[in-house]
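Peer 1: Handing over input_22.cif, mmCIF, C-alpha atoms and all ligand atoms.
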data_final
#
loop_
_atom_site.label_atom_id
_atom_site.label_comp_id
_atom_site.auth_asym_id
_atom_site.auth_seq_id
_atom_site.Cartn_x
_atom_site.Cartn_y
_atom_site.Cartn_z
CA MET A 1 29.45 137.07 126.25
CA ALA A 2 33.14 136.58 127.07
CA HIS A 3 32.04 135.68 130.60
CA GLU A 4 29.78 132.85 129.27
CA SER A 5 32.61 131.50 127.13
CA SER A 6 34.99 131.45 130.11
CA ARG A 7 32.37 129.68 132.25
CA ARG A 8 31.82 127.04 129.55
CA THR A 9 35.56 126.48 129.21
CA PHE A 10 35.87 126.13 132.98
CA LEU A 11 33.04 123.59 133.12
CA SER A 12 34.61 121.58 130.28
CA VAL A 13 37.91 121.44 132.13
CA VAL A 14 36.19 120.36 135.35
CA ALA A 15 34.23 117.64 133.52
CA ALA A 16 37.35 116.31 131.81
CA GLY A 17 39.24 116.27 135.09
CA SER A 18 36.56 114.30 136.92
CA ALA A 19 36.58 111.33 134.53
CA VAL A 20 38.31 108.21 135.81
CA THR A 21 41.69 108.38 134.13
CA CYS A 22 45.01 107.06 135.20
CA LEU A 23 47.98 108.15 133.17
CA GLY A 24 50.47 108.37 136.00
CA GLY A 25 51.03 110.96 138.67
CA LEU A 26 47.89 110.11 140.65
CA SER A 27 47.64 107.69 143.54
CA GLY A 28 47.24 104.19 142.15
CA CYS A 29 48.52 105.21 138.73
CA ALA A 30 51.88 104.31 137.32
CA ALA A 31 53.99 106.64 135.22
CA ALA A 32 55.82 103.57 133.94
CA GLY A 33 55.75 99.85 134.49
CA PRO A 34 58.09 97.84 136.69
CA THR A 35 61.83 97.80 135.88
CA GLY A 36 64.97 96.08 137.12
CA GLN A 37 65.48 93.23 139.55
CA ILE A 38 62.65 92.86 142.05
CA ALA A 39 63.00 90.76 145.20
CA ALA A 40 59.81 88.68 145.34
CA GLY A 41 60.11 86.63 148.52
CA ASN A 42 60.77 82.93 148.88
CA ILE A 43 59.36 79.90 147.07
CA SER A 44 58.03 78.67 150.42
CA ALA A 45 55.59 81.61 150.48
CA ILE A 46 53.68 80.70 147.31
CA ALA A 47 52.00 77.32 146.89
CA GLU A 48 50.72 75.82 143.64
CA GLY A 49 47.51 77.59 142.61
CA GLU A 50 48.33 80.78 144.53
CA SER A 51 49.30 84.32 143.54
CA VAL A 52 51.23 86.98 145.42
CA ALA A 53 51.08 90.68 144.58
CA ILE A 54 54.49 92.21 145.27
CA ALA A 55 53.57 95.38 147.17
CA GLY A 56 54.87 98.60 145.70
CA GLN A 57 56.54 96.84 142.75
CA MET A 58 53.70 96.79 140.15
CA VAL A 59 54.10 93.05 139.59
CA ALA A 60 52.47 89.82 140.74
CA LEU A 61 53.79 86.29 141.01
CA PHE A 62 51.77 83.15 140.16
CA ARG A 63 52.46 79.44 140.57
CA ASP A 64 50.95 76.38 138.87
CA ALA A 65 52.03 72.73 138.48
CA ASN A 66 54.70 73.75 135.95
CA GLY A 67 56.30 76.54 137.96
CA LEU A 68 56.21 80.27 138.56
CA TRP A 69 55.59 83.29 136.37
CA ALA A 70 55.36 87.04 136.88
CA VAL A 71 52.97 89.55 135.31
CA THR A 72 52.85 93.32 135.55
CA THR A 73 49.87 94.68 137.50
CA ILE A 74 49.83 97.85 135.39
CA CYS A 75 46.73 97.85 133.23
CA THR A 76 47.48 98.29 129.54
CA HIS A 77 44.55 100.69 129.09
CA LEU A 78 45.52 103.82 131.05
CA GLN A 79 48.08 102.42 133.48
CA CYS A 80 46.09 101.98 136.69
CA ASP A 81 47.95 99.70 139.10
CA MET A 82 45.54 96.82 139.73
CA GLN A 83 47.15 96.22 143.12
CA GLU A 84 45.70 99.55 144.21
CA GLN A 85 42.73 99.98 141.87
CA GLY A 86 41.54 96.48 141.16
CA THR A 87 42.04 92.87 142.13
CA VAL A 88 44.88 90.42 141.70
CA SER A 89 43.87 86.81 142.37
CA PRO A 90 45.04 83.35 141.25
CA SER A 91 42.22 83.30 138.67
CA GLU A 92 42.15 86.87 137.31
CA LEU A 93 43.53 90.40 137.31
CA SER A 94 40.84 93.05 137.11
CA CYS A 95 41.08 96.82 136.81
CA ASP A 96 38.58 99.00 138.66
CA CYS A 97 39.39 102.09 136.58
CA HIS A 98 37.42 101.04 133.48
CA ALA A 99 36.69 97.32 134.05
CA SER A 100 39.36 95.59 131.97
CA THR A 101 40.08 92.00 132.99
CA PHE A 102 43.00 89.68 132.27
CA THR A 103 43.84 86.02 132.75
CA PRO A 104 46.62 85.16 135.23
CA ASP A 105 48.92 84.79 132.18
CA GLY A 106 48.12 88.41 131.31
CA ASP A 107 45.89 87.81 128.28
CA ARG A 108 43.17 90.43 127.87
CA VAL A 109 39.68 89.06 128.53
CA SER A 110 37.42 92.15 128.49
CA GLY A 111 37.28 95.91 128.78
CA PRO A 112 38.97 98.78 126.96
CA ALA A 113 42.55 97.51 127.38
CA ASN A 114 43.69 96.47 123.91
CA ARG A 115 46.72 94.35 124.68
CA ALA A 116 48.00 91.72 127.09
CA LEU A 117 50.00 92.37 130.25
CA ASP A 118 53.76 91.84 130.04
CA ASN A 119 55.23 88.69 131.60
CA PHE A 120 58.72 88.92 133.12
CA GLU A 121 61.56 86.49 133.73
CA VAL A 122 61.48 84.75 137.12
CA LEU A 123 64.75 83.59 138.69
CA ILE A 124 64.88 81.27 141.71
CA ASP A 125 68.00 80.71 143.82
CA GLU A 126 68.31 76.92 143.94
CA ALA A 127 70.03 76.98 147.33
CA THR A 128 67.76 79.37 149.20
CA GLY A 129 64.53 79.45 147.17
CA ASP A 130 64.64 83.24 147.02
CA ILE A 131 62.78 84.63 144.01
CA THR A 132 63.85 87.53 141.82
CA ILE A 133 61.72 88.97 139.04
CA ASP A 134 63.70 90.62 136.24
CA ALA A 135 61.30 93.24 134.94
CA ASP A 136 63.76 94.22 132.22
CA VAL A 137 63.29 90.83 130.53
CA VAL A 138 59.88 90.28 128.93
CA VAL A 139 59.07 86.62 128.25
CA ASP A 140 56.32 84.70 126.50
CA ALA A 141 53.14 84.25 128.57
CA ALA A 142 53.59 80.46 128.54
CA THR A 143 57.02 80.67 130.21
CA ARG A 144 57.30 78.98 133.61
CA THR A 145 60.29 78.76 135.97
CA ALA A 146 60.32 75.37 137.65
CA ALA A 147 60.47 75.40 141.42
CA PRO A 148 63.72 73.86 142.66
CA ALA A 149 63.67 70.98 145.13
CA ILE A 150 64.90 72.68 148.29
CA THR A 151 66.15 70.29 150.97
S1 LIG A 201 43.10 101.79 133.26
FE1 LIG A 201 41.26 101.67 132.13
S2 LIG A 201 40.64 99.62 132.33
FE2 LIG A 201 42.46 99.73 133.46
#
What does the file become when written as structure tokens?

Peer 2:
Amino acid sequence: MAHESSRRTFLSVVAAGSAVTCLGGLSGCAAAGPTGQIAAGNISAIAEGESVAIAGQMVALFRDANGLWAVTTICTHLQCDMQEQGTVSPSELSCDCHASTFTPDGDRVSGPANRALDNFEVLIDEATGDITIDADVVVDAATRTAAPAIT
């Protein structure tokens, strides 16, 4: 009898471990979101209507007619990094872990995620066009940083 109970416990543990979860510690999962100042390339590398996922930094940059903005790529459901387990495009962020989707501004569209993605402050050096994302400063989703006229 004790043997059956141990077998059942073992099978329960195996079943729980095989579910698609992502709470950090696994490949493609983030223990925490982005932090600090993140170098995000140059304004010349992102045209209006484009997005750029900043590799290894858990954040993506977007540009429209009003300027640039940055959004975390860490899903608000169970923290899968959508750069590794999903898609980041100019029109949508989608999470392959459990099918949550978000607008480029980070608003939740569908799936089990129950809140929007954080937007971060974007700083642009007016002389060089170099972009820095300050992941310690969360801003409103409508915030845009105007692209400077670089001569
Ligand atoms: S981690 Fe579950 S939907 Fe993204």

Peer 1: By how many Å are CA of Leu93 in chain A and CA of Phe62 in chain A apart?

Peer 2: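 Rounded to one decimal, the two atoms are 11.3 Å apart.
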
Peer 1: For ligand LIG 201 (chain A), list the contacting residues at 6 Å or closer, counting all atoms listed in the file, as a list in words.

Peer 2: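 Listing the residues within 6 Å of ligand LIG 201 (chain A) gives Cys22, Cys75, His77, Leu78, Gln79, Cys80, Cys95, Cys97, His98, Ala99, Ser100, Pro112 and Ala113 of chain A.
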
Peer 1: Would you kindly return, as a short mmCIF file (atom, residue, chain, number, x, y, z; two decimals) with C-alpha atoms, keeping the file's coordinate frame, each protein, DNA or RNA residue with an atom no farther than 8 Å from any atom of range 50-54 of chain A, considering all atoms listed in the file and excluding same-chain residues fewer than 6 positions away?

Peer 2:
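Just written: selection.cif:
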data_model
loop_
_atom_site.label_atom_id
_atom_site.label_comp_id
_atom_site.auth_asym_id
_atom_site.auth_seq_id
_atom_site.Cartn_x
_atom_site.Cartn_y
_atom_site.Cartn_z
CA ALA A 40 59.81 88.68 145.34
CA ALA A 60 52.47 89.82 140.74
CA LEU A 61 53.79 86.29 141.01
CA PHE A 62 51.77 83.15 140.16
CA ARG A 63 52.46 79.44 140.57
CA ASP A 64 50.95 76.38 138.87
CA GLN A 83 47.15 96.22 143.12
CA VAL A 88 44.88 90.42 141.70
CA SER A 89 43.87 86.81 142.37
CA PRO A 90 45.04 83.35 141.25
#

Peer 1: Calculated over only C-alpha atoms, which of the candidates A:Gly129, A:Leu117, A:Val138, A:Ala147 has the smallest distance to Asn42 in chain A?

Peer 2: A:Gly129

Peer 1: Tell me, as a ChimeraX atom specification, which residues lie within 6 Å of Val71 in chain A, counting all atoms listed in the file; anything in the same chain fewer than 5 positions away does not count.

Peer 2: /A:59-60,118-119

Peer 1: Can you tell me which residues surround Thr103 in chain A at a distance of at most 7 Å, considering only C-alpha atoms, apart from same-chain residues fewer than 5 positions away, and format the answer as a PyMOL selection string?

Peer 2: chain A and resi 91-93+108-109

Peer 1: Please return, as a ChimeraX atom specification, all polymer residues that have at least one atom within 10 Å of the point (62.8, 94.2, 142.0); use all atoms listed in the file and the file's own coordinate frame.

Peer 2: /A:34-40,54,56-59,131-136

Peer 1: Of the candidates A:Asp140, A:Ser44, A:Ala32, A:Pro104, which shows the shortest atom-to-atom distance to Ile124 in chain A, using only C-alpha atoms?

Peer 2: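 Residue with the minimum atom-to-atom distance to Ile124 in chain A: A:Ser44.
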
Peer 1: Quote the spacing between CA of Asp107 in chain A and CA of Gly49 in chain A in Å to one decimal place.

Peer 2: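 Separation of CA of Asp107 in chain A and CA of Gly49 in chain A: 17.7 Å.
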
Peer 1: Determine the nearest neighbour of Thr73 in chain A from the options A:Gly41, A:Glu48, A:Thr143, A:Gly33, counting only C-alpha atoms.

Peer 2: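 Of the candidates, the smallest distance to Thr73 in chain A is held by A:Gly33.
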
Peer 1: Nearest to Thr76 in chain A among A:Arg115, A:Asp96, A:Ala45, A:Gly106, with distances taken over all atoms listed in the file: which residue is it?

Peer 2: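 The answer is A:Arg115, which sits nearest to Thr76 in chain A.
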
Peer 1: Kindly give the distance, in Å, that separates CA of Thr87 in chain A and CA of Pro148 in chain A, rounded to a single decimal.

Peer 2: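 Between these atoms lies a distance of 28.8 Å.
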
Peer 1: From the set A:Ala55, A:Met82, A:Ala65, A:Ile150, which residue has the shortest atom-to-atom contact distance to Ala127 in chain A, counting all atoms listed in the file?

Peer 2: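 Result for the nearest residue to Ala127 in chain A: A:Ile150.
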
Peer 1: Which one is closest to Leu68 in chain A: A:Gln85, A:Val122, A:Asp130, A:Asn114? Count only C-alpha atoms.

Peer 2: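 Of A:Gln85, A:Val122, A:Asp130, A:Asn114, the one nearest Leu68 in chain A is A:Val122, counting only C-alpha atoms.
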
Peer 1: Can you report as AutoDock Vina command-line options the centre and edge lengths in Å, to one decimal, of an axis-aligned box around the listed atoms of range 58-62 of chain A padded with 8 Å on each side?

Peer 2:
--center_x 52.9 --center_y 90.0 --center_z 140.3 --size_x 18.3 --size_y 29.6 --size_z 17.4
